[in-house]
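> One file is attached below, run_18.cif, containing mmCIF, C-alpha atoms and all ligand atoms.
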```cif
data_target
#
loop_
_atom_site.label_atom_id
_atom_site.label_comp_id
_atom_site.auth_asym_id
_atom_site.auth_seq_id
_atom_site.Cartn_x
_atom_site.Cartn_y
_atom_site.Cartn_z
CA MET A 1 0.00 0.00 0.00
CA SER A 2 1.13 3.55 -0.52
CA LEU A 3 1.63 5.70 2.52
CA GLY A 4 3.78 8.41 1.03
CA ASN A 5 7.52 8.46 0.64
CA ALA A 6 8.60 9.17 4.19
CA ASP A 7 12.31 8.36 4.69
CA ASN A 8 11.56 6.82 8.03
CA ALA A 9 9.31 3.78 8.15
CA VAL A 10 9.12 4.09 11.93
CA GLN A 11 9.91 7.01 14.19
CA LEU A 12 9.58 6.80 17.97
CA GLN A 13 10.07 9.90 20.04
CA ASN A 14 10.56 9.74 23.81
CA VAL A 15 8.22 6.80 24.22
CA TRP A 16 7.31 5.67 27.73
CA PHE A 17 5.12 2.69 28.43
CA SER A 18 4.07 0.76 31.52
CA TYR A 19 1.57 -2.05 31.90
CA GLU A 20 -1.09 -1.15 34.41
CA GLY A 21 0.29 -0.82 37.91
CA ARG A 22 3.77 -1.96 36.88
CA ASN A 23 7.19 -0.35 36.53
CA HIS A 24 8.11 1.10 33.16
CA ALA A 25 8.42 -1.57 30.48
CA LEU A 26 9.82 1.06 28.09
CA GLN A 27 11.63 4.20 29.15
CA ASP A 28 12.20 7.20 26.96
CA ILE A 29 12.79 5.29 23.73
CA SER A 30 13.64 7.30 20.63
CA LEU A 31 14.30 5.41 17.46
CA ASN A 32 14.34 6.01 13.71
CA ILE A 33 14.03 3.11 11.32
CA LYS A 34 14.71 3.89 7.69
CA SER A 35 12.32 2.76 5.04
CA GLY A 36 13.57 -0.43 3.36
CA SER A 37 16.13 -1.18 6.09
CA SER A 38 16.57 -4.21 8.29
CA THR A 39 16.81 -3.69 12.05
CA VAL A 40 17.34 -6.27 14.76
CA ILE A 41 16.30 -5.60 18.34
CA VAL A 42 18.24 -7.54 20.94
CA GLY A 43 18.02 -7.70 24.71
CA SER A 44 17.60 -10.23 27.48
CA SER A 45 14.25 -11.63 28.56
CA GLY A 46 12.01 -8.92 29.99
CA SER A 47 14.01 -6.07 28.43
CA GLY A 48 10.96 -4.80 26.53
CA LYS A 49 11.42 -6.19 23.01
CA THR A 50 7.88 -7.51 22.55
CA THR A 51 6.43 -4.40 24.16
CA LEU A 52 8.38 -2.26 21.68
CA LEU A 53 7.00 -4.18 18.69
CA LYS A 54 3.46 -3.85 20.05
CA ILE A 55 3.95 -0.11 20.44
CA ILE A 56 5.12 0.14 16.83
CA ASN A 57 2.08 -1.67 15.45
CA GLY A 58 -0.38 0.14 17.68
CA LEU A 59 -1.44 -2.85 19.80
CA LEU A 60 -0.23 -0.86 22.82
CA LYS A 61 -0.43 2.87 23.25
CA PRO A 62 2.42 4.74 24.94
CA GLN A 63 1.58 6.85 28.00
CA GLN A 64 4.07 9.43 26.76
CA GLY A 65 5.80 10.10 23.47
CA SER A 66 4.84 9.64 19.84
CA VAL A 67 4.92 6.85 17.28
CA ARG A 68 4.97 7.66 13.59
CA VAL A 69 4.75 5.11 10.82
CA PHE A 70 5.64 6.51 7.40
CA GLY A 71 5.26 9.94 8.93
CA ILE A 72 1.73 9.30 10.21
CA ASP A 73 1.03 9.53 13.93
CA ILE A 74 -0.62 6.20 14.74
CA SER A 75 -2.57 7.63 17.64
CA ASP A 76 -4.96 9.45 15.31
CA GLU A 77 -7.79 8.16 13.18
CA GLN A 78 -5.52 6.97 10.37
CA LYS A 79 -4.22 4.30 12.69
CA ARG A 80 -6.16 1.49 11.02
CA ILE A 81 -4.77 2.26 7.59
CA VAL A 82 -1.26 2.37 8.99
CA ARG A 83 -1.70 -0.84 10.96
CA ARG A 84 -2.78 -2.65 7.83
CA SER A 85 0.61 -1.87 6.31
CA ILE A 86 2.38 -3.70 9.15
CA GLY A 87 2.70 -7.47 9.07
CA TYR A 88 3.17 -8.74 12.62
CA ILE A 89 4.53 -12.18 13.39
CA PRO A 90 3.98 -12.67 17.12
CA GLN A 91 6.33 -14.60 19.39
CA GLN A 92 3.92 -17.58 19.49
CA LEU A 93 3.04 -17.22 15.76
CA GLY A 94 -0.73 -17.19 16.46
CA LEU A 95 -1.61 -19.78 13.81
CA LEU A 96 -4.87 -21.73 13.68
CA ARG A 97 -3.49 -25.19 14.31
CA ASN A 98 -6.47 -27.14 13.00
CA SER A 99 -6.80 -25.10 9.83
CA THR A 100 -4.87 -25.56 6.62
CA VAL A 101 -1.90 -23.50 5.50
CA LEU A 102 -4.11 -21.77 2.90
CA GLN A 103 -6.80 -20.90 5.48
CA ASN A 104 -4.17 -19.47 7.81
CA VAL A 105 -2.59 -17.36 5.09
CA LEU A 106 -5.96 -16.01 3.93
CA VAL A 107 -6.45 -14.58 7.43
CA GLY A 108 -3.67 -12.11 6.60
CA GLY A 109 -5.94 -10.51 4.00
CA LEU A 110 -9.08 -10.20 6.10
CA ALA A 111 -8.62 -6.53 6.94
CA ARG A 112 -8.74 -5.85 3.21
CA MET A 113 -11.53 -8.31 2.38
CA GLY A 114 -13.97 -7.26 5.08
CA SER A 115 -16.18 -8.97 7.61
CA ALA A 116 -18.25 -11.11 5.19
CA SER A 117 -15.16 -13.12 4.25
CA ALA A 118 -14.19 -13.37 7.90
CA ILE A 119 -17.58 -14.68 9.03
CA LEU A 120 -18.42 -16.91 6.10
CA GLY A 121 -14.92 -18.04 5.23
CA ILE A 122 -15.61 -17.25 1.57
CA TYR A 123 -12.80 -15.51 -0.22
CA PRO A 124 -12.58 -13.78 -3.62
CA GLU A 125 -10.77 -15.82 -6.25
CA HIS A 126 -7.99 -13.25 -6.71
CA GLU A 127 -7.30 -13.28 -2.95
CA ILE A 128 -6.99 -17.07 -2.98
CA LYS A 129 -4.54 -16.76 -5.89
CA HIS A 130 -2.55 -14.15 -3.98
CA ALA A 131 -2.48 -16.38 -0.89
CA MET A 132 -1.14 -19.23 -3.02
CA ARG A 133 1.58 -16.98 -4.41
CA CYS A 134 2.60 -16.03 -0.85
CA ILE A 135 2.73 -19.71 0.11
CA GLU A 136 4.88 -20.47 -2.96
CA GLN A 137 7.14 -17.55 -2.12
CA VAL A 138 7.99 -19.02 1.30
CA GLY A 139 8.69 -22.42 -0.26
CA ILE A 140 5.82 -24.56 1.05
CA GLY A 141 3.55 -24.72 -1.99
CA HIS A 142 3.41 -28.50 -1.59
CA LYS A 143 1.84 -28.03 1.88
CA THR A 144 -0.94 -25.62 0.84
CA HIS A 145 -3.78 -27.90 1.99
CA GLU A 146 -1.99 -29.46 4.96
CA ARG A 147 -3.24 -28.68 8.46
CA VAL A 148 -0.80 -26.60 10.49
CA HIS A 149 -0.53 -29.06 13.41
CA ARG A 150 1.07 -31.52 10.99
CA LEU A 151 3.88 -29.15 10.01
CA SER A 152 7.41 -28.85 11.37
CA GLY A 153 8.52 -25.80 13.36
CA GLY A 154 10.30 -24.29 10.35
CA GLU A 155 7.29 -24.86 8.11
CA ARG A 156 5.05 -23.13 10.66
CA GLN A 157 7.35 -20.14 10.64
CA ARG A 158 6.98 -20.05 6.87
CA VAL A 159 3.18 -20.08 7.21
CA ALA A 160 3.40 -17.11 9.58
CA ILE A 161 5.62 -15.26 7.11
CA ALA A 162 3.21 -16.04 4.24
CA ARG A 163 0.29 -14.76 6.35
CA ALA A 164 2.21 -11.51 6.93
CA LEU A 165 2.99 -11.24 3.18
CA MET A 166 -0.72 -11.73 2.41
CA GLN A 167 -1.27 -8.35 4.06
CA LYS A 168 0.88 -6.75 1.31
CA PRO A 169 2.86 -5.11 4.11
CA SER A 170 5.32 -2.24 3.94
CA ILE A 171 6.83 -3.30 7.27
CA ILE A 172 7.19 -6.73 8.85
CA LEU A 173 7.71 -7.08 12.59
CA ALA A 174 8.85 -10.53 13.68
CA ASP A 175 9.16 -11.43 17.34
CA GLU A 176 11.71 -14.16 18.22
CA PHE A 177 10.66 -16.11 15.24
CA THR A 178 13.87 -18.07 15.00
CA SER A 179 14.08 -19.00 18.66
CA ASP A 180 12.74 -22.55 18.40
CA LEU A 181 14.61 -23.41 15.25
CA ASP A 182 17.86 -25.23 14.65
CA TYR A 183 20.81 -23.27 13.29
CA VAL A 184 20.32 -24.17 9.63
CA THR A 185 16.56 -23.53 9.61
CA ALA A 186 17.00 -20.23 11.47
CA HIS A 187 19.43 -19.06 8.78
CA GLU A 188 17.07 -20.23 6.03
CA MET A 189 14.30 -18.21 7.63
CA LEU A 190 16.45 -15.11 7.84
CA ASP A 191 17.60 -15.56 4.25
CA LEU A 192 13.94 -15.64 3.29
CA MET A 193 13.35 -12.43 5.23
CA GLY A 194 16.34 -10.91 3.39
CA GLU A 195 14.66 -11.77 0.09
CA ILE A 196 11.43 -10.11 1.26
CA ARG A 197 13.40 -7.04 2.20
CA ARG A 198 14.94 -6.84 -1.25
CA ASN A 199 11.36 -6.47 -2.48
CA GLY A 200 11.20 -3.22 -0.51
CA VAL A 201 9.70 -4.32 2.82
CA THR A 202 11.17 -2.76 5.99
CA LEU A 203 12.11 -5.46 8.50
CA ILE A 204 12.20 -5.21 12.27
CA LEU A 205 13.23 -8.44 13.92
CA VAL A 206 13.56 -9.33 17.56
CA THR A 207 16.00 -11.99 18.64
CA HIS A 208 17.95 -13.38 21.56
CA ASN A 209 20.51 -14.75 19.18
CA LEU A 210 23.39 -12.32 18.96
CA GLU A 211 25.15 -14.10 16.13
CA LEU A 212 22.04 -14.01 13.97
CA ALA A 213 21.56 -10.36 14.86
CA ALA A 214 25.04 -9.50 13.66
CA GLN A 215 24.68 -11.42 10.43
CA HIS A 216 21.23 -10.37 9.34
CA GLY A 217 20.43 -6.90 10.61
CA GLU A 218 21.89 -3.72 9.18
CA LYS A 219 21.27 -1.96 12.41
CA ILE A 220 21.17 -3.44 15.89
CA VAL A 221 19.22 -1.82 18.72
CA PHE A 222 20.08 -2.94 22.24
CA LEU A 223 17.45 -2.88 24.98
CA LYS A 224 18.07 -3.35 28.67
CA GLY A 225 15.53 -2.86 31.45
CA GLY A 226 13.19 -1.03 29.04
CA MET A 227 15.87 1.41 27.90
CA LYS A 228 17.65 1.70 24.60
CA ILE A 229 21.23 1.40 25.76
CA ALA A 230 22.92 1.37 22.36
CA GLU A 231 22.32 1.38 18.66
CA SER A 232 24.89 0.38 16.12
CA HIS A 233 25.57 -0.64 12.57
CA SER A 234 25.97 -4.41 12.67
CA LYS A 235 29.38 -4.30 10.96
CA ASP A 236 30.71 -2.20 13.85
CA VAL A 237 29.66 -4.63 16.55
CA THR A 238 31.77 -7.57 17.64
CA GLU A 239 30.22 -10.47 19.51
CA GLU A 240 32.27 -9.51 22.56
CA THR A 241 30.73 -6.03 22.65
CA MET A 242 27.28 -7.50 22.30
CA LYS A 243 27.83 -9.83 25.23
CA THR A 244 28.78 -6.95 27.48
CA LEU A 245 25.81 -4.89 26.36
CA VAL A 246 23.00 -7.43 26.67
N1 LIG A 301 0.72 -8.14 29.71
C1 LIG A 301 1.61 -7.72 30.61
N2 LIG A 301 1.20 -7.26 31.82
C2 LIG A 301 2.07 -6.80 32.73
N3 LIG A 301 3.42 -6.77 32.53
C3 LIG A 301 3.88 -7.21 31.37
C4 LIG A 301 3.01 -7.72 30.35
N4 LIG A 301 3.77 -8.09 29.28
C5 LIG A 301 5.05 -7.85 29.63
N5 LIG A 301 5.12 -7.32 30.87
C6 LIG A 301 6.37 -6.91 31.56
O1 LIG A 301 7.02 -5.91 30.80
C7 LIG A 301 8.43 -6.13 30.74
C8 LIG A 301 8.87 -6.27 29.27
O2 LIG A 301 8.27 -7.42 28.73
P1 LIG A 301 8.46 -7.88 27.22
O3 LIG A 301 7.50 -8.98 26.96
O4 LIG A 301 8.38 -6.68 26.35
O5 LIG A 301 9.96 -8.41 27.24
P2 LIG A 301 10.80 -9.18 26.14
O6 LIG A 301 12.09 -8.45 25.99
O7 LIG A 301 9.98 -9.39 24.92
O8 LIG A 301 11.07 -10.59 26.87
P3 LIG A 301 11.22 -12.07 26.22
O9 LIG A 301 12.60 -12.12 25.61
O10 LIG A 301 11.11 -12.99 27.40
O11 LIG A 301 10.14 -12.29 25.22
C9 LIG A 301 8.68 -7.36 31.58
O12 LIG A 301 9.08 -6.91 32.86
C10 LIG A 301 7.34 -8.07 31.65
O13 LIG A 301 7.21 -8.76 32.86
MG MG A 302 9.23 -11.09 23.97
#
```
Take the structure in the file and give it back as structure tokens.


Amino acid sequence: MSLGNADNAVQLQNVWFSYEGRNHALQDISLNIKSGSSTVIVGSSGSGKTTLLKIINGLLKPQQGSVRVFGIDISDEQKRIVRRSIGYIPQQLGLLRNSTVLQNVLVGGLARMGSASAILGIYPEHEIKHAMRCIEQVGIGHKTHERVHRLSGGERQRVAIARALMQKPSIILADEFTSDLDYVTAHEMLDLMGEIRRNGVTLILVTHNLELAAQHGEKIVFLKGGMKIAESHSKDVTEETMKTLV
């Protein structure tokens, strides 16, 4: 979708967030993410990575500070349009285990197709074709009609990526989506994300895996205790530095 040609896909300014009655989960975060770039967010468990992604896609609203996506403040009424441009792959993937790959991927297009498709499960022919293209793109065309609970971990990740692609996103946020995968599959998944990025999608990935972060992100953002403690070009960061930071 077209949301103008803003240089920054995401711009956070002095964002503060706390869950009700809790200490700050995010403290004074300012962050610019360039359109078409690939950013990896690293930090130990509880450092605020998931919270940060949810702030970016508007699932959570900061108590202070502003969030702009392609230059549009997501707190105003255009929020829905902006949110549609963000494909979100949650930490637990959020797939319908008893539904087929195709049914899961079609869910990614529901915001565009409207409530009749959602309720009746009837989809326009061109949307089904698009879903099948997304499934092919992630390399599991042969599993299109397989139920998700019968797939391997890596294949499920691919379904989640295809569902995000179905949205025709400008940005993809992926939360720890390599964490349950073996080394080879994790790299395959990140190579696939690299390919998606070359098609112009801005990527924001969260990981615990420092090595993957260094290899696949252009920029690395370090979180600790809800604060952004550093931000660096991945080529300037050695694994030793990362270990001391996280
Ligand atoms: N729904 C919630 N209600 C209250 N507190 C929460 C909630 N979700 C997260 N928190 C708290 O906010 C802080 C940041 O959590 P967050 O899930 O963003 O961390 P994370 O870096 O994604 O951790 P992990 O690597 O374990 O996924 C933690 O202290 C956590 O306990
Ligand atoms: Mg998390």

> Do you have the atom O6 of ligand LIG 301 (chain A)-CA of Ser45 (chain A) distance handy?

4.6 Å

> Using all atoms listed in the file, find each residue with an atom at most 8 Å away from ligand MG 302 (chain A) and format the answer as a PyMOL selection string.

chain A and resi 45-46+48-51+91+175-176+206

> With C-alpha atoms retained, export the selected residues as a PDB file, in the coordinates of the input.


```
ATOM      1  CA  SER A  45      14.250 -11.630  28.560  1.00  0.00           C
ATOM      2  CA  GLY A  46      12.010  -8.920  29.990  1.00  0.00           C
ATOM      3  CA  GLY A  48      10.960  -4.800  26.530  1.00  0.00           C
ATOM      4  CA  LYS A  49      11.420  -6.190  23.010  1.00  0.00           C
ATOM      5  CA  THR A  50       7.880  -7.510  22.550  1.00  0.00           C
ATOM      6  CA  THR A  51       6.430  -4.400  24.160  1.00  0.00           C
ATOM      7  CA  GLN A  91       6.330 -14.600  19.390  1.00  0.00           C
ATOM      8  CA  ASP A 175       9.160 -11.430  17.340  1.00  0.00           C
ATOM      9  CA  GLU A 176      11.710 -14.160  18.220  1.00  0.00           C
ATOM     10  CA  VAL A 206      13.560  -9.330  17.560  1.00  0.00           C
TER      11      VAL A 206
END
```

> Quick one: 6 Å padding each side, axis-aligned, all listed atoms of region 93-106 of chain A - centre and edge lengths in Å to one decimal, as lines of an AutoDock Vina configuration file?


```
center_x = -1.9
center_y = -21.6
center_z = 9.7
size_x = 21.8
size_y = 23.1
size_z = 25.6
```

> Step by step, measure atom-to-atom distances between ligand LIG 301 (chain A) and each residue using all atoms listed in the file, keep those at most 10 Å, then write them as an NGL selection string.

:A and (17-26 or 41-55 or 91-92 or 175-176 or 179 or 206-208 or 223-226)

> Write out as a list in words which residues come within 8 Å of region 7-12 of chain A when counting all atoms listed in the file, dropping same-chain ones fewer than 3 positions away.

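Within the cut-off, the hits are Val15, Ile29, Ser30, Leu31, Asn32, Ile33, Lys34, Ser35, Gly36, Ile56, Gly65, Ser66, Val67, Arg68, Val69, Phe70, Gly71, Ile171 and Thr202 of chain A.
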
> Within 12 Å of (-7.7, -21.0, 6.7) in the file's own coordinates, which protein, DNA or RNA residues have an atom, counting only C-alpha atoms? List them as a VMD selection string.

chain A and resid 95 to 110 117 to 123 128 131 to 132 144 to 148 159 163

> Residues at most 8 Å from Ile204 (chain A), counting only C-alpha atoms, excluding those fewer than 5 positions away in the same chain, as a compact mmCIF listing (two decimals) with C-alpha atoms, in the frame of the given file?


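Ended up saving to around_14.txt:
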```txt
# COMPACT_ATOMS: atom_id res chain seq x y z
CA SER A 38 16.57 -4.21 8.29
CA THR A 39 16.81 -3.69 12.05
CA VAL A 40 17.34 -6.27 14.76
CA ILE A 41 16.30 -5.60 18.34
CA ILE A 171 6.83 -3.30 7.27
CA ILE A 172 7.19 -6.73 8.85
CA LEU A 173 7.71 -7.08 12.59
CA ALA A 174 8.85 -10.53 13.68
```

> Write out as a PDB file with C-alpha atoms, in the frame of the given file the residues lying within 7 Å of region 234-240 of chain A, counting all atoms listed in the file and excluding same-chain residues fewer than 5 positions away.


```pdb
ATOM      1  CA  ALA A 214      25.040  -9.500  13.660  1.00  0.00           C
ATOM      2  CA  GLY A 217      20.430  -6.900  10.610  1.00  0.00           C
ATOM      3  CA  GLU A 218      21.890  -3.720   9.180  1.00  0.00           C
ATOM      4  CA  LYS A 219      21.270  -1.960  12.410  1.00  0.00           C
ATOM      5  CA  ILE A 220      21.170  -3.440  15.890  1.00  0.00           C
TER       6      ILE A 220
END
```

> What gap, in Å, lies between CA of Ser75 (chain A) and CA of Gln63 (chain A)?

11.2 Å
